[in-house]
file protein19.txt (compact mmCIF, C-alpha atoms)
# COMPACT_ATOMS: atom_id res chain seq x y z
CA MET A 1 2.50 25.45 3.42
CA LEU A 2 3.46 25.73 -0.24
CA SER A 3 1.57 23.34 -2.51
CA ARG A 4 4.91 22.14 -3.92
CA VAL A 5 6.10 21.11 -0.46
CA ALA A 6 2.82 19.34 0.32
CA ASP A 7 3.05 17.52 -3.02
CA ASN A 8 6.61 16.31 -2.34
CA LEU A 9 5.87 15.11 1.19
CA TYR A 10 2.69 13.37 0.07
CA TRP A 11 4.41 11.48 -2.76
CA MET A 12 7.53 10.72 -0.72
CA SER A 13 5.30 8.88 1.72
CA ARG A 14 3.27 7.12 -0.97
CA TYR A 15 6.37 5.83 -2.72
CA LEU A 16 7.89 4.50 0.50
CA GLU A 17 4.67 2.69 1.40
CA ARG A 18 4.62 1.26 -2.14
CA ALA A 19 8.21 0.01 -1.83
CA GLU A 20 7.44 -1.78 1.44
CA HIS A 21 4.30 -3.33 -0.06
CA THR A 22 6.19 -4.64 -3.10
CA ALA A 23 9.00 -6.02 -0.93
CA ARG A 24 6.51 -7.91 1.21
CA LEU A 25 4.68 -9.40 -1.78
CA LEU A 26 7.92 -10.55 -3.38
CA ASP A 27 9.19 -12.03 -0.13
CA VAL A 28 5.97 -13.98 0.51
CA SER A 29 5.69 -15.14 -3.11
CA LEU A 30 9.26 -16.42 -3.33
CA HIS A 31 8.85 -18.25 -0.03
CA GLN A 32 5.61 -19.89 -1.24
CA MET A 33 7.22 -21.02 -4.48
CA LEU A 34 9.54 -23.30 -2.50
CA ASP A 35 6.55 -25.53 -1.71
CA HIS A 36 4.93 -25.62 -5.14
CA SER A 37 5.58 -27.22 -8.50
CA THR A 38 6.75 -25.39 -11.61
CA GLN A 39 3.28 -25.86 -13.15
CA GLU A 40 1.86 -23.54 -10.52
CA GLU A 41 4.54 -20.90 -11.05
CA GLN A 42 2.99 -18.96 -13.95
CA PRO A 43 -0.48 -18.42 -12.40
CA ARG A 44 1.16 -17.18 -9.22
CA TRP A 45 3.38 -14.69 -11.03
CA GLN A 46 0.41 -13.51 -13.07
CA ARG A 47 -1.46 -12.88 -9.83
CA LEU A 48 1.54 -11.00 -8.42
CA ARG A 49 1.70 -8.85 -11.55
CA ALA A 50 -2.01 -8.06 -11.26
CA SER A 51 -1.63 -7.25 -7.55
CA LEU A 52 1.07 -4.71 -8.44
CA SER A 53 -0.87 -3.34 -11.44
CA THR A 54 1.82 -4.46 -13.89
CA PRO A 55 0.33 -6.85 -16.46
CA ALA A 56 2.57 -8.73 -18.87
CA THR A 57 3.19 -6.87 -22.12
CA ASP A 58 4.29 -9.82 -24.28
CA ASP A 59 4.27 -13.61 -24.40
CA LYS A 60 7.43 -13.92 -22.36
CA ILE A 61 7.21 -16.60 -19.67
CA ASP A 62 7.96 -15.25 -16.22
CA SER A 63 10.41 -16.96 -13.90
CA SER A 64 11.18 -16.36 -10.26
CA TYR A 65 14.44 -14.70 -11.28
CA SER A 66 12.91 -12.38 -13.90
CA ILE A 67 10.00 -11.36 -11.69
CA THR A 68 12.36 -10.60 -8.81
CA GLU A 69 14.55 -8.47 -11.06
CA LEU A 70 11.52 -6.69 -12.55
CA PHE A 71 9.93 -5.68 -9.26
CA THR A 72 13.17 -5.02 -7.39
CA PHE A 73 15.52 -3.17 -9.73
CA GLU A 74 13.67 -2.25 -12.94
CA THR A 75 13.48 1.55 -12.87
CA SER A 76 10.88 1.68 -15.66
CA THR A 77 8.38 -0.23 -13.50
CA PRO A 78 6.48 2.26 -11.27
CA THR A 79 5.76 -0.37 -8.60
CA SER A 80 9.33 -1.72 -8.37
CA ILE A 81 11.30 -1.21 -5.18
CA GLY A 82 14.13 0.57 -7.00
CA TYR A 83 11.79 3.00 -8.76
CA SER A 84 9.78 3.72 -5.61
CA ILE A 85 12.77 4.33 -3.34
CA ALA A 86 14.47 6.56 -5.93
CA ALA A 87 11.26 8.56 -6.44
CA ALA A 88 10.77 8.89 -2.66
CA ARG A 89 14.36 10.11 -2.23
CA GLU A 90 13.98 12.66 -5.03
CA ASN A 91 10.82 14.04 -3.42
CA ALA A 92 12.61 14.18 -0.07
CA ARG A 93 15.58 15.97 -1.65
CA GLN A 94 13.32 18.70 -3.00
CA VAL A 95 12.00 19.45 0.50
CA ARG A 96 15.24 18.77 2.34
CA GLU A 97 14.71 21.82 4.56
CA GLN A 98 11.26 20.57 5.65
CA ILE A 99 12.32 17.15 6.94
CA SER A 100 14.75 16.24 9.71
CA SER A 101 18.38 15.27 9.13
CA GLU A 102 17.64 11.82 10.51
CA MET A 103 14.87 11.33 7.95
CA TRP A 104 17.15 12.32 5.08
CA GLU A 105 19.96 10.07 6.31
CA GLN A 106 17.62 7.08 6.56
CA ILE A 107 16.04 7.48 3.13
CA ASN A 108 19.48 8.07 1.60
CA ARG A 109 20.82 4.96 3.34
CA LEU A 110 17.94 2.89 1.97
CA TYR A 111 18.46 4.29 -1.53
CA LEU A 112 22.18 3.47 -1.50
CA GLN A 113 21.46 -0.04 -0.24
CA ILE A 114 19.27 -0.68 -3.29
CA ARG A 115 21.73 0.93 -5.71
CA GLN A 116 24.68 -1.08 -4.39
CA THR A 117 22.93 -4.46 -4.70
CA SER A 118 22.72 -6.37 -7.98
CA ILE A 119 20.17 -8.99 -8.92
CA ASP A 120 22.80 -11.73 -8.78
CA GLU A 121 23.94 -10.68 -5.32
CA LEU A 122 20.34 -10.72 -4.14
CA TRP A 123 19.41 -13.97 -5.87
CA PHE A 124 22.40 -16.09 -4.89
CA ALA A 125 22.66 -14.78 -1.34
CA LYS A 126 19.51 -14.48 0.78
CA PRO A 127 16.54 -12.76 -0.92
CA HIS A 128 14.55 -12.91 2.33
CA VAL A 129 17.23 -10.89 4.14
CA PHE A 130 17.25 -8.27 1.40
CA PHE A 131 13.48 -7.82 1.35
CA SER A 132 13.35 -7.78 5.16
CA ASN A 133 15.93 -5.00 5.15
CA VAL A 134 13.80 -2.99 2.72
CA LYS A 135 10.67 -3.42 4.85
CA GLU A 136 12.53 -2.58 8.05
CA GLY A 137 14.21 0.39 6.36
CA VAL A 138 10.85 1.89 5.40
CA GLN A 139 9.38 1.19 8.84
CA LEU A 140 12.45 2.78 10.45
CA PHE A 141 11.95 5.87 8.30
CA GLN A 142 8.32 6.08 9.42
CA GLY A 143 9.37 5.76 13.06
CA ILE A 144 12.08 8.40 12.66
CA THR A 145 9.53 10.70 11.01
CA ASP A 146 7.15 10.39 13.95
CA ALA A 147 9.98 10.92 16.45
CA THR A 148 11.88 13.82 14.85
CA MET A 149 9.48 15.86 12.71
CA ASN A 150 7.05 18.44 14.02
CA HIS A 151 3.53 17.01 13.93
CA SER A 152 2.30 19.94 11.89
CA GLU A 153 0.78 20.28 8.45
CA GLY A 154 3.69 18.60 6.63
CA TRP A 155 3.61 15.58 8.94
CA HIS A 156 -0.11 15.17 8.27
CA PHE A 157 0.49 15.17 4.50
CA ILE A 158 3.00 12.35 5.04
CA ARG A 159 0.39 10.40 7.00
CA VAL A 160 -2.28 11.00 4.37
CA GLY A 161 0.05 9.75 1.62
CA LYS A 162 0.94 6.64 3.60
CA PHE A 163 -2.63 5.58 4.36
CA ILE A 164 -4.21 6.38 0.99
CA GLU A 165 -1.51 4.26 -0.65
CA ARG A 166 -2.06 1.46 1.86
CA ALA A 167 -5.83 1.44 1.44
CA SER A 168 -5.63 1.40 -2.36
CA ALA A 169 -2.86 -1.22 -2.56
CA THR A 170 -4.55 -3.52 -0.04
CA ALA A 171 -7.88 -3.28 -1.89
CA THR A 172 -6.17 -4.23 -5.16
CA LEU A 173 -4.36 -7.17 -3.52
CA ILE A 174 -7.53 -8.55 -1.91
CA ASP A 175 -9.50 -8.08 -5.12
CA VAL A 176 -6.99 -9.99 -7.27
CA HIS A 177 -6.73 -12.80 -4.73
CA PHE A 178 -10.47 -13.29 -4.30
CA GLN A 179 -11.14 -13.11 -8.03
CA THR A 180 -8.58 -15.84 -8.68
CA PHE A 181 -10.19 -18.31 -6.34
CA PHE A 182 -13.86 -17.48 -6.71
CA GLU A 183 -13.56 -17.82 -10.48
CA SER A 184 -11.65 -21.10 -10.28
CA GLU A 185 -13.09 -24.59 -10.72
CA LEU A 186 -13.36 -24.89 -6.95
CA ALA A 187 -16.24 -22.45 -6.75
CA ASP A 188 -17.40 -23.72 -3.40
CA ILE A 189 -15.58 -21.84 -0.64
CA GLN A 190 -15.24 -24.80 1.69
CA ALA A 191 -13.90 -27.03 -1.09
CA THR A 192 -11.35 -24.37 -1.88
CA ILE A 193 -10.18 -24.17 1.70
CA ASP A 194 -9.84 -27.94 2.01
CA HIS A 195 -7.27 -27.96 -0.77
CA LEU A 196 -3.80 -27.59 0.78
CA ASN A 197 -2.43 -25.23 -1.84
CA TYR A 198 -5.39 -22.89 -1.51
CA TYR A 199 -5.05 -22.92 2.26
CA GLN A 200 -1.44 -21.81 1.87
CA ASP A 201 -2.52 -19.10 -0.56
CA TRP A 202 -5.00 -17.66 1.94
CA VAL A 203 -2.25 -17.64 4.55
CA GLY A 204 -0.03 -16.00 1.95
CA LEU A 205 -2.61 -13.25 1.47
CA LEU A 206 -2.58 -12.53 5.20
CA ARG A 207 1.23 -12.54 5.25
CA SER A 208 1.31 -10.22 2.25
CA CYS A 209 -0.69 -7.76 4.37
CA ALA A 210 1.53 -8.35 7.45
CA SER A 211 -1.62 -9.61 9.17
CA PHE A 212 -1.27 -13.35 9.76
CA GLU A 213 -0.31 -13.13 13.44
CA ALA A 214 -2.85 -10.37 14.07
CA TYR A 215 -5.53 -12.49 12.37
CA CYS A 216 -4.66 -15.49 14.55
CA LYS A 217 -5.15 -13.38 17.67
CA VAL A 218 -8.72 -12.61 16.58
CA TYR A 219 -9.46 -16.05 15.13
CA THR A 220 -7.00 -18.97 15.01
CA ALA A 221 -4.65 -20.47 12.42
CA ALA A 222 -7.14 -23.33 12.10
CA GLN A 223 -9.92 -20.90 11.11
CA ILE A 224 -8.56 -19.74 7.76
CA ARG A 225 -11.80 -18.91 5.96
CA PRO A 226 -12.20 -16.50 3.01
CA GLU A 227 -15.12 -14.65 4.58
CA ARG A 228 -13.21 -14.14 7.84
CA ILE A 229 -10.10 -13.02 5.99
CA ALA A 230 -12.20 -10.51 4.05
CA GLU A 231 -13.81 -9.29 7.27
CA PHE A 232 -10.44 -8.88 8.98
CA LEU A 233 -8.62 -7.11 6.13
CA LEU A 234 -11.60 -4.90 5.29
CA PHE A 235 -13.39 -4.07 8.51
CA ASN A 236 -11.18 -4.73 11.55
CA PRO A 237 -10.88 -1.37 13.37
CA GLU A 238 -7.73 -2.28 15.32
CA SER A 239 -5.47 -3.87 12.72
CA PRO A 240 -3.13 -1.22 11.22
CA ARG A 241 -3.22 -3.09 7.90
CA SER A 242 -7.00 -3.18 7.47
CA ILE A 243 -8.64 -0.85 5.00
CA ARG A 244 -11.02 0.45 7.68
CA PHE A 245 -8.07 1.44 9.88
CA ALA A 246 -6.35 3.15 6.94
CA ALA A 247 -9.55 5.04 6.07
CA GLY A 248 -9.84 6.26 9.66
CA MET A 249 -6.25 7.51 9.71
CA LEU A 250 -6.74 9.11 6.30
CA GLN A 251 -9.80 11.00 7.47
CA ALA A 252 -8.08 12.12 10.69
CA GLY A 253 -5.08 13.40 8.72
CA LEU A 254 -7.25 15.35 6.29
CA GLN A 255 -9.23 16.89 9.16
CA SER A 256 -5.97 18.02 10.79
CA ILE A 257 -4.81 19.59 7.54
CA ALA A 258 -8.17 21.36 7.17
CA ARG A 259 -7.83 22.84 10.66
CA ALA A 260 -4.27 23.95 9.92
CA THR A 261 -5.19 25.65 6.64
CA ARG A 262 -8.37 27.27 8.01
CA THR A 263 -9.99 27.44 4.57
CA ARG A 264 -13.27 26.25 3.07
CA ARG A 265 -11.49 24.33 0.31
CA PRO A 266 -11.19 20.98 2.14
CA GLY A 267 -14.97 20.53 2.49
CA ARG A 268 -15.34 18.11 -0.42
CA ILE A 269 -12.21 16.21 0.59
CA GLU A 270 -13.55 15.66 4.10
CA ARG A 271 -16.91 14.48 2.75
CA LEU A 272 -15.24 11.92 0.47
CA ALA A 273 -12.97 10.64 3.23
CA GLY A 274 -15.87 10.50 5.70
CA ARG A 275 -18.01 8.57 3.23
CA LEU A 276 -15.27 5.95 2.79
CA ARG A 277 -14.68 5.58 6.52
CA SER A 278 -18.40 5.38 7.32
CA ALA A 279 -19.04 2.66 4.76
CA LEU A 280 -16.20 0.56 6.15
CA GLU A 281 -17.42 1.16 9.69
CA TYR A 282 -21.02 0.05 9.12
CA ASP A 283 -20.84 -2.47 6.27
CA GLN A 284 -20.83 -6.17 7.13
CA VAL A 285 -18.89 -8.93 5.41
CA GLU A 286 -22.12 -10.91 4.85
CA ASP A 287 -23.42 -8.07 2.69
CA VAL A 288 -20.34 -7.78 0.45
CA ILE A 289 -18.77 -11.24 0.19
CA GLN A 290 -20.97 -12.38 -2.70
CA ASP A 291 -19.83 -9.43 -4.83
CA VAL A 292 -16.58 -8.52 -3.14
CA HIS A 293 -15.01 -7.53 -6.48
CA ALA A 294 -17.50 -4.69 -7.00
CA TYR A 295 -17.09 -3.61 -3.38
CA LEU A 296 -13.29 -3.46 -3.64
CA GLU A 297 -13.46 -1.68 -6.98
CA ASN A 298 -15.63 0.95 -5.31
CA ILE A 299 -13.04 1.38 -2.55
CA GLN A 300 -10.32 1.91 -5.13
CA ARG A 301 -12.54 4.38 -6.97
CA GLN A 302 -13.14 6.33 -3.76
CA CYS A 303 -9.40 6.41 -3.00
CA SER A 304 -8.82 7.82 -6.49
CA GLN A 305 -11.50 10.46 -5.92
CA ILE A 306 -9.91 11.46 -2.61
CA HIS A 307 -6.50 11.70 -4.27
CA LYS A 308 -7.88 13.97 -7.01
CA ALA A 309 -9.69 16.09 -4.43
CA ILE A 310 -6.47 16.51 -2.43
CA TYR A 311 -4.76 17.81 -5.56
CA GLN A 312 -7.62 20.14 -6.42
CA GLY A 313 -7.84 21.41 -2.85
CA TYR A 314 -4.20 21.78 -1.88
CA MET A 315 -1.84 21.43 -4.82
CA ASP A 316 -3.40 22.47 -8.14
CA TYR A 317 -5.76 25.28 -7.21
CA PRO A 318 -5.43 28.70 -8.99
CA ILE A 319 -3.61 31.56 -7.30
CA GLU A 320 -6.79 33.66 -7.59
CA VAL A 321 -8.50 31.28 -5.15
CA VAL A 322 -5.70 31.73 -2.62
CA LEU A 323 -5.81 35.51 -2.86
CA ALA A 324 -9.58 35.56 -2.49
CA GLU A 325 -9.45 33.34 0.61
CA ARG A 326 -6.73 35.49 2.18
CA ALA A 327 -8.81 38.59 1.53
CA SER A 328 -11.88 37.00 3.12
CA ARG A 329 -9.93 36.04 6.24
CA GLN A 330 -8.53 39.55 6.59
CA ALA A 331 -11.92 41.20 6.13

call {"tool": "encode", "arguments": {"input": "protein19.txt", "output": "structure tokens"}}
result
Amino acid sequence: MLSRVADNLYWMSRYLERAEHTARLLDVSLHQMLDHSTQEEQPRWQRLRASLSTPATDDKIDSSYSITELFTFETSTPTSIGYSIAAARENARQVREQISSEMWEQINRLYLQIRQTSIDELWFAKPHVFFSNVKEGVQLFQGITDATMNHSEGWHFIRVGKFIERASATATLIDVHFQTFFESELADIQATIDHLNYYQDWVGLLRSCASFEAYCKVYTAAQIRPERIAEFLLFNPESPRSIRFAAGMLQAGLQSIARATRTRRPGRIERLAGRLRSALEYDQVEDVIQDVHAYLENIQRQCSQIHKAIYQGYMDYPIEVVLAERASRQA
């Protein structure tokens, strides 16, 4: 496969996963704001900005309306839904011959839905319906991809992009959330949980990861505890939204690509992915909860290293390397 094609498929998938993640965070945050006072609004929007790696650039006070507009339609914001969907569509357009017609139709439909909606239409109608449509549109695209595209090298690049984005975004979200509450006046975990607003925020974290119902099947809604939430979102091997699950899928995808390419180049990539998966498989929440920030920062660092290794191994390597490897295979 051409490196250009791999690059486009990889980023198409990352941008779509990013759009779904942003839509879910906005939906959960707007819903939570209905139950809280205006005094609590600014800290919550600051946390949302940090979760989406978009800090405030001036002294402007955020409002629900301005934040919704920023992360839904602002095309200069890399984590906004509009930016992500447009970037995903452009990457899909450049490899139109590599994806199925159904995939192109779905991503084009989602793009037009965003373009044809204004902030006022969204705000004064039903924001929840709009964000649900975005999430379902991305999930439908992923289902169509699995059902209509050959599960060959290109499909594996799509999977790798999806799960590296999910692992990195989830680690950032958990990190921001835990920092906020562990650095607050309510330093004691149990005291934090007993406060109604903080209880709702922990539930909000689970909902932001599409994991509340899955969590309740392992524990219960009455057992909302920070250490259990951390254990579930970090180490649960069965939840598709846990970082451990994403790391496993990421490693499997990279191994499949390595077999398809039949080169020695992926060795470092596989080692990095295996190291991340192994740590998440054997680490225990009791060992990381006291310094969860450092642990999550390390996960994000490893995701960045894997991303760079993917580029060095499959997308940015010199033509001389390719020719040498072809010669060695033919010898």

call {"tool": "closest_residue", "arguments": {"input": "protein19.txt", "among": "A:Met103, A:Met315, A:Ala221, A:Val134", "to": "Thr22 of chain A", "atoms": "all atoms listed in the file"}}
result
A:Val134

call {"tool": "closest_residue", "arguments": {"input": "protein19.txt", "among": "A:Ile164, A:Leu9, A:Met249, A:Ala125", "to": "Arg89 of chain A", "atoms": "all atoms listed in the file"}}
result
A:Leu9

call {"tool": "residues_near_point", "arguments": {"input": "protein19.txt", "point": "(20.5, 11.8, 1.8)", "cutoff": "12 Å", "atoms": "all atoms listed in the file", "output": "VMD selection string"}}
result
chain A and resid 85 to 86 88 to 97 99 to 112

call {"tool": "closest_residue", "arguments": {"input": "protein19.txt", "among": "A:Leu296, A:Ile269, A:Val129, A:Val203", "to": "Ala309 of chain A", "atoms": "only C-alpha atoms"}}
result
A:Ile269

call {"tool": "closest_residue", "arguments": {"input": "protein19.txt", "among": "A:Phe232, A:Ser66, A:Ile119, A:Gln46", "to": "Thr180 of chain A", "atoms": "only C-alpha atoms"}}
result
A:Gln46

call {"tool": "closest_residue", "arguments": {"input": "protein19.txt", "among": "A:Leu48, A:Pro78, A:Phe178, A:Trp123", "to": "Tyr65 of chain A", "atoms": "all atoms listed in the file"}}
result
A:Trp123

call {"tool": "atom_distance", "arguments": {"input": "protein19.txt", "atom1": "atom CA of Ala247 of chain A", "atom2": "atom CA of Trp155 of chain A"}}
result
17.1 Å

call {"tool": "closest_residue", "arguments": {"input": "protein19.txt", "among": "A:Leu25, A:Val176, A:Leu52, A:Leu206", "to": "Glu231 of chain A", "atoms": "all atoms listed in the file"}}
result
A:Leu206

call {"tool": "atom_distance", "arguments": {"input": "protein19.txt", "atom1": "atom CA of Ile289 of chain A", "atom2": "atom CA of Arg244 of chain A"}}
result
15.9 Å

call {"tool": "atom_distance", "arguments": {"input": "protein19.txt", "atom1": "atom CA of Leu250 of chain A", "atom2": "atom CA of Arg159 of chain A"}}
result
7.3 Å
